[in-house]
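Right, one structure below, let's go through it.
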Amino acid sequence: MITAYRSNCKSVEIGDLSQPASFPEDVVWIDMLEPSREEELYVEKVLGIEVPTRDDLKDIEPSARLYIENDAVFMTASLVWKADTDAPTLTDVAFILAGNRLVTIRYAQPKSFALFIAALHRLPENWRGGAALLAKLLETIVDRTAEILETSVSRIDILSTHVFGRANKVRKPSNYLEQKLRDIAGHHRMISKLRDSLGSLSRLLTFFYTVPAIQQDHEAKELCHTVSRDIQSLSEHASFVAGNITFLLDASLGLINIEQNSIIKIFSIASVVFLPPTLVASIYGMNFQVMPELAWAGGYPYSLALMVISAVIPFFFFRWKGWL
């Protein structure tokens with residue numbers, strides 16, 4: 001689907017590709033969402049550029065993601081998609097500056113694009129050129145990334161409380177911490193995707209900053225510089241959060257290990273506690289004719305009492321030593 005946005009922020013959907021390939025003169029942004037091959041050829045004919053295909057966007061080489069060809073600037077960045085779900089992922093989006101027009105090619109619908117389109121009508125008229133629009137779009141993308149990071153930090157803080165704040169009256173399942181490991185893995189995945197996206201955006205901003213179109217626009221140039229600083233701050237914060245997640249993972253594994261050791265400790269102490277009674281029972285279970293207690297009327301209760309005493313003494317001894 002091709003949606004063209006005019007300088008007055010009005011949108012025009014290009015559906016009939018059988019018409020001569022052309023756009024209105026005041027079109028400043030061409031947004032291509034999951035374009036077909038026919039739509040790619042249509043835009044190529046209008047702008048005189050070669051539109052990157054879906055496979056081209058997946059190329060990880062910097063030279064294939066950031067380059068200038070036929071006076072058109074081609075840039076590709078990885079954006080976080082499905083951030084509100086349990087399976088966040090990255091989607092590659094191409095940004096092309098062809099003259100005074102911005103072309104975006106995407107095969108997903110990151111929320112940042114919807115936010116930018118909704119606020120498009122509030123942009124001043126001097127911000128409605130291709131380079132200025134791209135600068136504003138990148139600002140919206142970084143703001144959305146910061147929002148995702150802030151949400152993740154809040155959820156990680158709650159998860160940390162659940163992991164360490166277990167000293168309450170509510171009994172937790174035996175596999176409680178094992179379940180939290182899945183949550184930690186989910187947060188680690190999200191932060192990892194955010195860091196990859198921020199790194200991609202940082203490289204794009206560095207390249208975009210040197211483009212003549214942005215050098216000639218002082219306000220857009222200053223905005224790019226501000227967005228670049230924001231990306232650096234977010235990257236540092238994301239690295240700090242990643243360290244906290246690593247600590248949370250190590251702490252959870254340590255607590256699980258402590259719980260398992262406590263269980264083994266209980267069994268070990270129980271076996272030691274019941275060892276003396278077993279010894280007493282073994283002695284009086286021997287088949288010897290000369291055993292004084294066998295002919296004694298109180299021999300049986302005596303042996304039972306001896307077993308209890310031999311079990312109680314080690315138990316209180318362990319309590320006194322602090323082993324229980």
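All residue names refer to the structure tokens as shown: chains lettered A, B, ... in order, residues numbered from 1 in each chain, ligands numbered from 1 in order.
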Give me the residues within 12 Å of Arg122 (chain A) as a PDB file with N, CA and C atoms, in the first residue's frame, counting only C-alpha atoms and dropping any in the same chain fewer than 6 places off.
```pdb
ATOM      1  N   SER A   7       2.100  18.519   1.424  1.00  0.00           N
ATOM      2  CA  SER A   7       2.678  19.511   2.332  1.00  0.00           C
ATOM      3  C   SER A   7       1.631  20.103   3.270  1.00  0.00           C
ATOM      4  N   ASN A   8       0.338  19.993   2.903  1.00  0.00           N
ATOM      5  CA  ASN A   8      -0.740  20.452   3.797  1.00  0.00           C
ATOM      6  C   ASN A   8      -1.211  19.351   4.724  1.00  0.00           C
ATOM      7  N   CYS A   9      -0.432  18.227   4.787  1.00  0.00           N
ATOM      8  CA  CYS A   9      -0.674  17.084   5.676  1.00  0.00           C
ATOM      9  C   CYS A   9      -1.880  16.248   5.246  1.00  0.00           C
ATOM     10  N   LEU A 115       2.005   7.324  15.647  1.00  0.00           N
ATOM     11  CA  LEU A 115       2.094   8.541  16.458  1.00  0.00           C
ATOM     12  C   LEU A 115       2.522   9.738  15.609  1.00  0.00           C
ATOM     13  N   PHE A 116       3.467   9.502  14.714  1.00  0.00           N
ATOM     14  CA  PHE A 116       3.947  10.594  13.863  1.00  0.00           C
ATOM     15  C   PHE A 116       2.856  11.063  12.899  1.00  0.00           C
ATOM     16  N   ARG A 128       7.964  20.845   6.778  1.00  0.00           N
ATOM     17  CA  ARG A 128       7.250  19.904   5.928  1.00  0.00           C
ATOM     18  C   ARG A 128       8.010  19.587   4.647  1.00  0.00           C
ATOM     19  N   LYS A 136      12.041  14.894  12.161  1.00  0.00           N
ATOM     20  CA  LYS A 136      10.926  14.803  13.101  1.00  0.00           C
ATOM     21  C   LYS A 136      10.486  13.355  13.308  1.00  0.00           C
TER      22      LYS A 136
END
```
Exercise for review: Excluding Phe274 (chain A) and any residue of its chain fewer than 6 positions from it, enumerate the residues within 10 Å of it, using only C-alpha atoms, and give them as a ChimeraX atom specification.
Suggested key: /A:307-308,310-312,314-315
Review point. Can you tell me, as a list of chain:residue names, what residues are no more than 10 Å from Ser303 (chain A) when counting only C-alpha atoms, ignoring any on the same chain fewer than 4 positions away?
Key: A:Pro277, A:Val280, A:Ala281, A:Ile283, A:Tyr284, A:Glu293, A:Gly298, A:Gly299, A:Met307, A:Val308, A:Ile309
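Using only C-alpha atoms, the residues found no farther than 12 Å from Ala4 (chain A), other than those of its own chain fewer than 5 positions away, are Cys9, Lys10, Ser11, Val12, Glu13, Ile14, Gly15, Ser22, Phe23, Pro24, Glu25, Asp26, Val27, Val28, Trp29, Ile30, Asp31, Met32, Leu33, Val43, Arg101, Leu102, Val103, Thr104 and Ile117 of chain A.
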Practice item. Could you give me, as a ChimeraX atom specification, the residues within 12 Å of Glu147 (chain A), counting only C-alpha atoms and dropping anything in the same chain fewer than 3 positions from it? Key: /A:80,83-84,111-112,140-144,150-154,194,234
Residues of the last selection are to be written out with N, CA, C and O atoms, as a PDB file, in the first residue's frame.
```pdb
ATOM      1  N   VAL A  80      12.012  -1.340  16.921  1.00  0.00           N
ATOM      2  CA  VAL A  80      11.336  -2.315  17.773  1.00  0.00           C
ATOM      3  C   VAL A  80       9.865  -2.378  17.378  1.00  0.00           C
ATOM      4  O   VAL A  80       9.198  -1.355  17.224  1.00  0.00           O
ATOM      5  N   ALA A  83       6.250  -4.275  20.737  1.00  0.00           N
ATOM      6  CA  ALA A  83       6.825  -4.050  22.067  1.00  0.00           C
ATOM      7  C   ALA A  83       5.816  -4.306  23.176  1.00  0.00           C
ATOM      8  O   ALA A  83       6.211  -4.548  24.325  1.00  0.00           O
ATOM      9  N   ASP A  84       4.527  -4.258  22.872  1.00  0.00           N
ATOM     10  CA  ASP A  84       3.492  -4.470  23.887  1.00  0.00           C
ATOM     11  C   ASP A  84       3.101  -5.936  24.025  1.00  0.00           C
ATOM     12  O   ASP A  84       2.167  -6.257  24.757  1.00  0.00           O
ATOM     13  N   LYS A 111       4.538   1.438  16.261  1.00  0.00           N
ATOM     14  CA  LYS A 111       3.632   2.445  16.820  1.00  0.00           C
ATOM     15  C   LYS A 111       4.137   3.859  16.581  1.00  0.00           C
ATOM     16  O   LYS A 111       3.345   4.810  16.512  1.00  0.00           O
ATOM     17  N   SER A 112       5.445   4.029  16.441  1.00  0.00           N
ATOM     18  CA  SER A 112       6.008   5.366  16.240  1.00  0.00           C
ATOM     19  C   SER A 112       5.486   6.003  14.958  1.00  0.00           C
ATOM     20  O   SER A 112       5.284   7.223  14.904  1.00  0.00           O
ATOM     21  N   THR A 140      10.391  11.151  16.789  1.00  0.00           N
ATOM     22  CA  THR A 140       9.243  10.377  17.283  1.00  0.00           C
ATOM     23  C   THR A 140       9.634   8.930  17.568  1.00  0.00           C
ATOM     24  O   THR A 140       9.206   8.343  18.568  1.00  0.00           O
ATOM     25  N   ILE A 141      10.452   8.360  16.693  1.00  0.00           N
ATOM     26  CA  ILE A 141      10.901   6.971  16.886  1.00  0.00           C
ATOM     27  C   ILE A 141      11.715   6.851  18.166  1.00  0.00           C
ATOM     28  O   ILE A 141      11.527   5.911  18.957  1.00  0.00           O
ATOM     29  N   VAL A 142      12.618   7.801  18.400  1.00  0.00           N
ATOM     30  CA  VAL A 142      13.446   7.757  19.611  1.00  0.00           C
ATOM     31  C   VAL A 142      12.584   7.984  20.853  1.00  0.00           C
ATOM     32  O   VAL A 142      12.796   7.343  21.895  1.00  0.00           O
ATOM     33  N   ASP A 143      11.604   8.886  20.761  1.00  0.00           N
ATOM     34  CA  ASP A 143      10.695   9.100  21.900  1.00  0.00           C
ATOM     35  C   ASP A 143       9.918   7.828  22.219  1.00  0.00           C
ATOM     36  O   ASP A 143       9.716   7.492  23.392  1.00  0.00           O
ATOM     37  N   ARG A 144       9.475   7.138  21.197  1.00  0.00           N
ATOM     38  CA  ARG A 144       8.752   5.870  21.405  1.00  0.00           C
ATOM     39  C   ARG A 144       9.685   4.820  22.019  1.00  0.00           C
ATOM     40  O   ARG A 144       9.279   4.062  22.915  1.00  0.00           O
ATOM     41  N   GLU A 150      11.266   2.894  29.355  1.00  0.00           N
ATOM     42  CA  GLU A 150      10.724   3.281  30.659  1.00  0.00           C
ATOM     43  C   GLU A 150       9.715   2.251  31.167  1.00  0.00           C
ATOM     44  O   GLU A 150       9.717   1.897  32.348  1.00  0.00           O
ATOM     45  N   THR A 151       8.869   1.759  30.274  1.00  0.00           N
ATOM     46  CA  THR A 151       7.903   0.727  30.658  1.00  0.00           C
ATOM     47  C   THR A 151       8.612  -0.542  31.096  1.00  0.00           C
ATOM     48  O   THR A 151       8.227  -1.178  32.094  1.00  0.00           O
ATOM     49  N   SER A 152       9.651  -0.917  30.375  1.00  0.00           N
ATOM     50  CA  SER A 152      10.412  -2.115  30.725  1.00  0.00           C
ATOM     51  C   SER A 152      11.077  -1.968  32.090  1.00  0.00           C
ATOM     52  O   SER A 152      11.097  -2.914  32.888  1.00  0.00           O
ATOM     53  N   VAL A 153      11.605  -0.783  32.368  1.00  0.00           N
ATOM     54  CA  VAL A 153      12.250  -0.542  33.668  1.00  0.00           C
ATOM     55  C   VAL A 153      11.236  -0.692  34.795  1.00  0.00           C
ATOM     56  O   VAL A 153      11.528  -1.289  35.842  1.00  0.00           O
ATOM     57  N   SER A 154      10.028  -0.176  34.610  1.00  0.00           N
ATOM     58  CA  SER A 154       8.988  -0.289  35.634  1.00  0.00           C
ATOM     59  C   SER A 154       8.627  -1.751  35.878  1.00  0.00           C
ATOM     60  O   SER A 154       8.465  -2.183  37.027  1.00  0.00           O
ATOM     61  N   LEU A 194      16.005  -3.396  22.154  1.00  0.00           N
ATOM     62  CA  LEU A 194      16.118  -1.947  22.258  1.00  0.00           C
ATOM     63  C   LEU A 194      17.554  -1.485  22.000  1.00  0.00           C
ATOM     64  O   LEU A 194      17.783  -0.480  21.303  1.00  0.00           O
ATOM     65  N   LEU A 234      19.985   7.079  26.015  1.00  0.00           N
ATOM     66  CA  LEU A 234      19.148   5.879  26.106  1.00  0.00           C
ATOM     67  C   LEU A 234      19.991   4.609  26.015  1.00  0.00           C
ATOM     68  O   LEU A 234      19.706   3.622  26.700  1.00  0.00           O
TER      69      LEU A 234
END
```
Exercise for review: Enumerate the residues of region 75-283 of chain A with a DSSP assignment of strand (DSSP E), computed from the backbone, and present them as a count of residues only.
Suggested key: 23
Show me, as a Markdown table, the residues of region 1-90 of chain A having an atom within 8 Å of region 204-208 of chain A, each with the closest atom pair and its distance in Å, using only C-alpha atoms.
```
| residue | atom | partner | partner_atom | distance |
| --- | --- | --- | --- | --- |
| A:Leu66 | CA | A:Phe207 | CA | 7.1 |
| A:Met75 | CA | A:Leu204 | CA | 6.5 |
| A:Thr76 | CA | A:Leu204 | CA | 7.2 |
| A:Ala77 | CA | A:Leu204 | CA | 6.7 |
```
Review point. Excluding same-chain residues fewer than 5 positions from His225 (chain A), what lies within 12 Å of it counting only C-alpha atoms, as a PyMOL selection string?
Key: chain A and resi 135-136+138-139+202+205-210+214-215+218-220+230-232
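Distances to His187 (chain A) were evaluated for A:Glu69, A:Glu125, A:Asp92, A:Asp86 using only C-alpha atoms, and the minimum falls at A:Asp86.
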Exercise for review: Just list the residues in region 60-101 of chain A DSSP gives helix (DSSP H, G or I) on the backbone, as a list in words.
Suggested key: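 Those residues are Pro62, Ser63, Ala64 and Arg65 of chain A.
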Study note, to complete from the structure: Judged by only C-alpha atoms, the minimum distance to Gln260 (chain A) among A:Arg319, A:Ser235, A:Arg6, A:Leu177 is found for A:Leu177
Review point. What is the CA of Gln109 (chain A)-CA of Ala94 (chain A) distance in Å, reported with one decimal?
Key: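 CA of Ala94 (chain A) lies 13.0 Å from CA of Gln109 (chain A).
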